[in-house]
There are 2 protein chains.
Amino acid sequence: MVDQSKLPFSLEFLVCENFMDVAKAIKDMKVRGAPAIGAAAAYGLALAAYKSKAVTVDELINDLKKACAILKSTRPTAINLFWALDRVMNRALSVRGSVKEIVKAVIDEANRIAEEDIELNKRLGKIGAGLIDDGDVILTHCNAGALATVGYGTALGVIRAAVEEGKRVRVFATETRPKLQGARLTVFELVKDEIPVTLITDNMVGYCMYKGIIDKVIVGADRVLADGHVINKIGTYTIAVLAKNHGVSFYVAAPSSSFDLKSKVTEVIIEERDPNEVRQVMGVQITLDEVNVFNPAFDITPPEYVTAIITERGIITAPFKENIRRLIL
Amino acid sequence: MVDQSKLPFSLEFLVCENFMDVAKAIKDMKVRGAPAIGAAAAYGLALAAYKSKAVTVDELINDLKKACAILKSTRPTAINLFWALDRVMNRALSVRGSVKEIVKAVIDEANRIAEEDIELNKRLGKIGAGLIDDGDVILTHCNAGALATVGYGTALGVIRAAVEEGKRVRVFATETRPKLQGARLTVFELVKDEIPVTLITDNMVGYCMYKGIIDKVIVGADRVLADGHVINKIGTYTIAVLAKNHGVSFYVAAPSSSFDLKSKVTEVIIEERDPNEVRQVMGVQITLDEVNVFNPAFDITPPEYVTAIITERGIITAPFKENIRRLIL
């Protein structure tokens with residue numbers, strides 16, 4: 001996989017030899033972005049199957065269950081992690097065959113998840129592009145691009161599809177502290193694709209909207225609940241409130257695999273990460289060592305701030321509860 | 001003066017030998033914060049007077065006018081710069097005496113501005129402390145503390161005064177990209193004073209309010225207009241919109257010297273600074289060199305987002321136009 005912690009300065013590939021390498025890469029955010037985490041975890045399970053020394057089916061399933069539990073424990077918020085692992089695990093359990101056949105089925109299922117992701121992002125992008133007008137200035141947060149998925153991207157997939165249709169689009173990208181996925185990854189992708197991009201700090205969003213610079217917001221999602229609550233990178237909710245206040249459309253681009261139709265909003269665990277992520281920027285200390293820090297990695301945007309959710313199956317608008325049930329269930 | 005660019009890691013003092021040194025220190029943000037800039041500029045003019053080789057009064061006034069123009073050109077937004085320079089210049093012009101007497105009057109006036117600032121902040125703090133309740137969690141942005149003034153601070157002055165009254169107060173400080181005055185200066189001041197402080201990134205403000213963590217917001221101001229528009233560090237407006245959305249009081253702590261009763265909001269110049277301030281953090285590159293950047297140093301908060309403005313003369317609430325005229329004019 002691409003080692004995303006090294007971008008945009010160096011495009012390095014990280015080779016994972018076993019599922020523990022994959023678990024560590026997810027935990028350390030070498031790979032991040034909900035769909036990318038899902039695919040990586042699926043391949044982690046495929047590695048666990050491939051490397052298993054199990055002789056009996058029971059032994060193999062046991063190995064897979066252990067690997068699955070460890071992979072699931074890496075990060076708590078993005079639903080695609082659980083979705084992908086459950087899907088591969090269910091495939092393994094459904095095969096009535098030899099150890100070899102189950103191993104093959106697990107690897108095939110991981111490949112299928114990866115292949116489907118690109119295809120599905122392109123479909124989502126095409127659907128979302130219908131919402132974009134020629135000349136739009138679109139604000140995006142964090143990175144919901146090719147790097148956050150297996151390819152093409154969700155939020156950036158919509159922007160790519162609009163550009164492919166010949167629409168002239170400019171992007172404002174927030175730097176996205178603490179881990180700077182906007183400055184490092186979104187800028188990298190858009191500069192590479194020659195889509196005009198302007199980088200701002202996270203606290204400039206309000207002023208940009210005040211000045212009428214921003215026409216639309218598109219972000220990705222780490223999890224969308226049955227009632228339309230959107231869990232996404234910290235800072236998303238701040239942008240959603242600003243968008244509503246300024247009458248700017250706020251779109252969420254999320255494949256059906258990012259929907260969690262079971263959990264209530266109070267049940268979702270918002271990951272809190274190492275305080276040094278805030279005390280430092282790319283390893284450089286910016287404040288006193290001893291200062292207390294709050295470092296939630298995600299926030300929650302209630303459905304009343306969401307104009308529409310763009311999925312590969314169509315566009316979902318309010319009432320979200322009914323329309324999500326109809327399209328996703 | 002304290003070289004604020006070196007904090008919190010090193011407390012270094014910058015010696016200015018002449019007014020050009022002062023102008024450079026203001027431009028390079030070695031000294032920042034509206035009242036501190038005002039006092040520094042006044043001392044810049046005092047240095048110009050003290051070092052002047054003028055023999056006649058006309059020559060001296062000419063030297064002062066040149067220095068004044070250069071000092072005024074350093075930064076366009078904070079009004080205290082112009083206020084302090086006009087005040088010292090008017091004092092020089094009002095003296096009917098010798099070169100020596102005018103030089104003395106200029107130095108005295110600069111000293112008076114500095115002395116008054118501390119006294120006035122303490123008065124402002126005491127008045128503002130009446131708005132703070134025991135147990136409050138107060139969000140502040142950027143640094144409106146002792147470092148932004150000659151001493152004690154405006155927004156942090158209110159917090160200090162509340163603490164001196166025995167109120168238990170906790171502070172959430174935004175890091176305040178791009179120059180990190182929150183992480184570097186506000187954290188430094190509050191840790192030193194043993195006032196509990198939690199550092200967050202700028203994009204976490206929305207989530208903190210969503211979770212109900214924040215009771216009140218207090219910020220400083222670089223300029224307050226006659227109708228109550230508040231010009232302050234970039235990110236202030238974003239916080240004001242969030243505060244209004246969550247029913248959180250949004251207070252601005254500003255001495256009367258920060259009021260500009262002449263300019264219309266469209267006439268205020270919002271300084272745009274070097275794009276590398278966004279492309280880098282403390283000199284470390286975080287994105288591609290070639291990416292386009294928008295880097296406004298300030299933003300504008302309309303009066304409808306302001307709960308009250310705390311001045312050394314009293315608390316101003318809506319209707320701001322009438323109440324500002326009554327208290328400040």
# chains A, B, ... in the order shown; residues from 1 in each chain; ligands from 1

call {"tool": "residues_around", "arguments": {"residues": "B:Asn232", "least_positions_apart": "2", "cutoff": "9 Å", "atoms": "only C-alpha atoms", "output": "count of residues only"}}
result
18

call {"tool": "interface_residues", "arguments": {"of": "chain A", "to": "chain B", "cutoff": "6 Å", "atoms": "only C-alpha atoms", "output": "list of chain:residue names"}}
result
A:Ala183, A:Arg184, A:Thr198, A:Leu199, A:Ile200, A:Asp202, A:Asn203, A:Met204, A:Gly206, A:Tyr207, A:Gly235, A:Thr238, A:Thr287, A:Asn292, A:Val293, A:Phe294, A:Asp299

call {"tool": "write_last_selection", "arguments": {"atoms": "N, CA and C atoms", "output": "compact mmCIF listing (two decimals), in the first residue's frame"}}
result
# COMPACT_ATOMS: atom_id res chain seq x y z
N ALA A 183 -3.81 19.23 3.39
CA ALA A 183 -2.58 19.84 2.88
C ALA A 183 -1.68 18.80 2.22
N ARG A 184 -1.67 17.58 2.78
CA ARG A 184 -0.73 16.58 2.27
C ARG A 184 -1.33 15.74 1.15
N THR A 198 -6.91 25.57 -3.95
CA THR A 198 -6.38 26.59 -3.05
C THR A 198 -6.40 26.01 -1.64
N LEU A 199 -5.28 26.07 -0.98
CA LEU A 199 -5.17 25.54 0.38
C LEU A 199 -5.47 26.64 1.39
N ILE A 200 -6.28 26.31 2.39
CA ILE A 200 -6.54 27.23 3.51
C ILE A 200 -6.36 26.49 4.83
N ASP A 202 -7.86 25.49 8.57
CA ASP A 202 -9.23 25.10 8.94
C ASP A 202 -10.07 26.28 9.42
N ASN A 203 -9.42 27.25 10.07
CA ASN A 203 -10.19 28.36 10.65
C ASN A 203 -10.55 29.45 9.64
N MET A 204 -10.20 29.26 8.37
CA MET A 204 -10.53 30.25 7.34
C MET A 204 -11.86 29.96 6.65
N GLY A 206 -14.98 29.94 7.65
CA GLY A 206 -16.02 30.93 7.91
C GLY A 206 -15.84 32.18 7.06
N TYR A 207 -14.63 32.70 7.05
CA TYR A 207 -14.36 33.94 6.28
C TYR A 207 -14.55 33.71 4.78
N GLY A 235 -13.80 18.45 12.37
CA GLY A 235 -13.85 19.69 11.59
C GLY A 235 -15.01 19.71 10.62
N THR A 238 -18.07 21.59 12.08
CA THR A 238 -17.84 23.04 12.04
C THR A 238 -18.18 23.59 10.65
N THR A 287 4.04 23.49 20.98
CA THR A 287 3.53 24.03 22.25
C THR A 287 4.27 23.38 23.40
N ASN A 292 -2.44 20.13 28.49
CA ASN A 292 -3.54 19.20 28.29
C ASN A 292 -4.10 19.37 26.88
N VAL A 293 -4.53 18.27 26.28
CA VAL A 293 -5.03 18.31 24.90
C VAL A 293 -6.30 17.49 24.79
N PHE A 294 -7.23 17.93 23.94
CA PHE A 294 -8.39 17.13 23.54
C PHE A 294 -8.19 16.81 22.07
N ASP A 299 -15.97 13.93 14.18
CA ASP A 299 -17.10 14.59 14.83
C ASP A 299 -18.39 14.10 14.19

call {"tool": "atom_distance", "arguments": {"atom1": "atom CA of B:Glu312", "atom2": "atom CA of B:Val265"}}
result
23.5 Å

call {"tool": "residues_around", "arguments": {"residues": "A:Ile79", "least_positions_apart": "4", "cutoff": "10 Å", "atoms": "only C-alpha atoms", "output": "ChimeraX atom specification"}}
result
/A:34-35,37-38,75,83-84,221-225,231,257-260,268

call {"tool": "select_by_dssp", "arguments": {"residues": "stretch 16-55 of chain B", "states": "helix (DSSP H, G or I)", "output": "MDAnalysis selection string"}}
result
chainID B and resid 19:27 34:51

call {"tool": "residues_around", "arguments": {"residues": "stretch 121-124 of chain A", "least_positions_apart": "2", "cutoff": "10 Å", "atoms": "only C-alpha atoms", "output": "count of residues only"}}
result
33

call {"tool": "atom_distance", "arguments": {"atom1": "atom CA of A:Ile214", "atom2": "atom CA of A:Val137"}}
result
5.3 Å

call {"tool": "atom_distance", "arguments": {"atom1": "atom CA of A:Val88", "atom2": "atom CA of A:Lys104"}}
result
11.3 Å

call {"tool": "residues_around", "arguments": {"residues": "A:Ala46", "least_positions_apart": "2", "cutoff": "6 Å", "atoms": "only C-alpha atoms", "output": "JSON, numbers by chain"}}
result
{"A": [43, 44, 48, 49, 106, 107]}

call {"tool": "write_last_selection", "arguments": {"atoms": "all heavy atoms", "output": "PDB file, in the first residue's frame"}}
result
ATOM      1  N   TYR A  43      -7.760  -7.289   2.943  1.00  0.00           N
ATOM      2  CA  TYR A  43      -6.510  -7.930   2.517  1.00  0.00           C
ATOM      3  C   TYR A  43      -5.710  -8.439   3.719  1.00  0.00           C
ATOM      4  O   TYR A  43      -4.961  -9.414   3.610  1.00  0.00           O
ATOM      5  CB  TYR A  43      -5.662  -6.965   1.683  1.00  0.00           C
ATOM      6  CG  TYR A  43      -6.097  -6.939   0.227  1.00  0.00           C
ATOM      7  CD1 TYR A  43      -6.611  -5.786  -0.357  1.00  0.00           C
ATOM      8  CD2 TYR A  43      -5.985  -8.087  -0.559  1.00  0.00           C
ATOM      9  CE1 TYR A  43      -7.015  -5.760  -1.682  1.00  0.00           C
ATOM     10  CE2 TYR A  43      -6.387  -8.079  -1.884  1.00  0.00           C
ATOM     11  CZ  TYR A  43      -6.900  -6.920  -2.439  1.00  0.00           C
ATOM     12  OH  TYR A  43      -7.298  -6.926  -3.755  1.00  0.00           O
ATOM     13  N   GLY A  44      -5.871  -7.792   4.871  1.00  0.00           N
ATOM     14  CA  GLY A  44      -5.237  -8.293   6.093  1.00  0.00           C
ATOM     15  C   GLY A  44      -5.753  -9.687   6.417  1.00  0.00           C
ATOM     16  O   GLY A  44      -4.981 -10.607   6.718  1.00  0.00           O
ATOM     17  N   ALA A  48      -3.952 -13.311   6.453  1.00  0.00           N
ATOM     18  CA  ALA A  48      -4.068 -14.254   7.574  1.00  0.00           C
ATOM     19  C   ALA A  48      -4.434 -15.642   7.058  1.00  0.00           C
ATOM     20  O   ALA A  48      -3.904 -16.658   7.528  1.00  0.00           O
ATOM     21  CB  ALA A  48      -5.106 -13.761   8.579  1.00  0.00           C
ATOM     22  N   ALA A  49      -5.331 -15.683   6.066  1.00  0.00           N
ATOM     23  CA  ALA A  49      -5.737 -16.962   5.476  1.00  0.00           C
ATOM     24  C   ALA A  49      -4.567 -17.591   4.717  1.00  0.00           C
ATOM     25  O   ALA A  49      -4.236 -18.767   4.893  1.00  0.00           O
ATOM     26  CB  ALA A  49      -6.923 -16.742   4.533  1.00  0.00           C
ATOM     27  N   VAL A 106     -11.503 -16.458   0.560  1.00  0.00           N
ATOM     28  CA  VAL A 106     -11.187 -15.257   1.347  1.00  0.00           C
ATOM     29  C   VAL A 106     -10.394 -14.260   0.489  1.00  0.00           C
ATOM     30  O   VAL A 106     -10.688 -13.058   0.461  1.00  0.00           O
ATOM     31  CB  VAL A 106     -10.407 -15.650   2.632  1.00  0.00           C
ATOM     32  CG1 VAL A 106      -9.724 -14.440   3.254  1.00  0.00           C
ATOM     33  CG2 VAL A 106     -11.342 -16.317   3.636  1.00  0.00           C
ATOM     34  N   ILE A 107      -9.402 -14.772  -0.221  1.00  0.00           N
ATOM     35  CA  ILE A 107      -8.588 -13.897  -1.084  1.00  0.00           C
ATOM     36  C   ILE A 107      -9.458 -13.309  -2.199  1.00  0.00           C
ATOM     37  O   ILE A 107      -9.390 -12.106  -2.494  1.00  0.00           O
ATOM     38  CB  ILE A 107      -7.379 -14.678  -1.668  1.00  0.00           C
ATOM     39  CG1 ILE A 107      -6.437 -15.078  -0.532  1.00  0.00           C
ATOM     40  CG2 ILE A 107      -6.652 -13.839  -2.728  1.00  0.00           C
ATOM     41  CD1 ILE A 107      -5.355 -16.073  -0.945  1.00  0.00           C
TER      42      ILE A 107
END
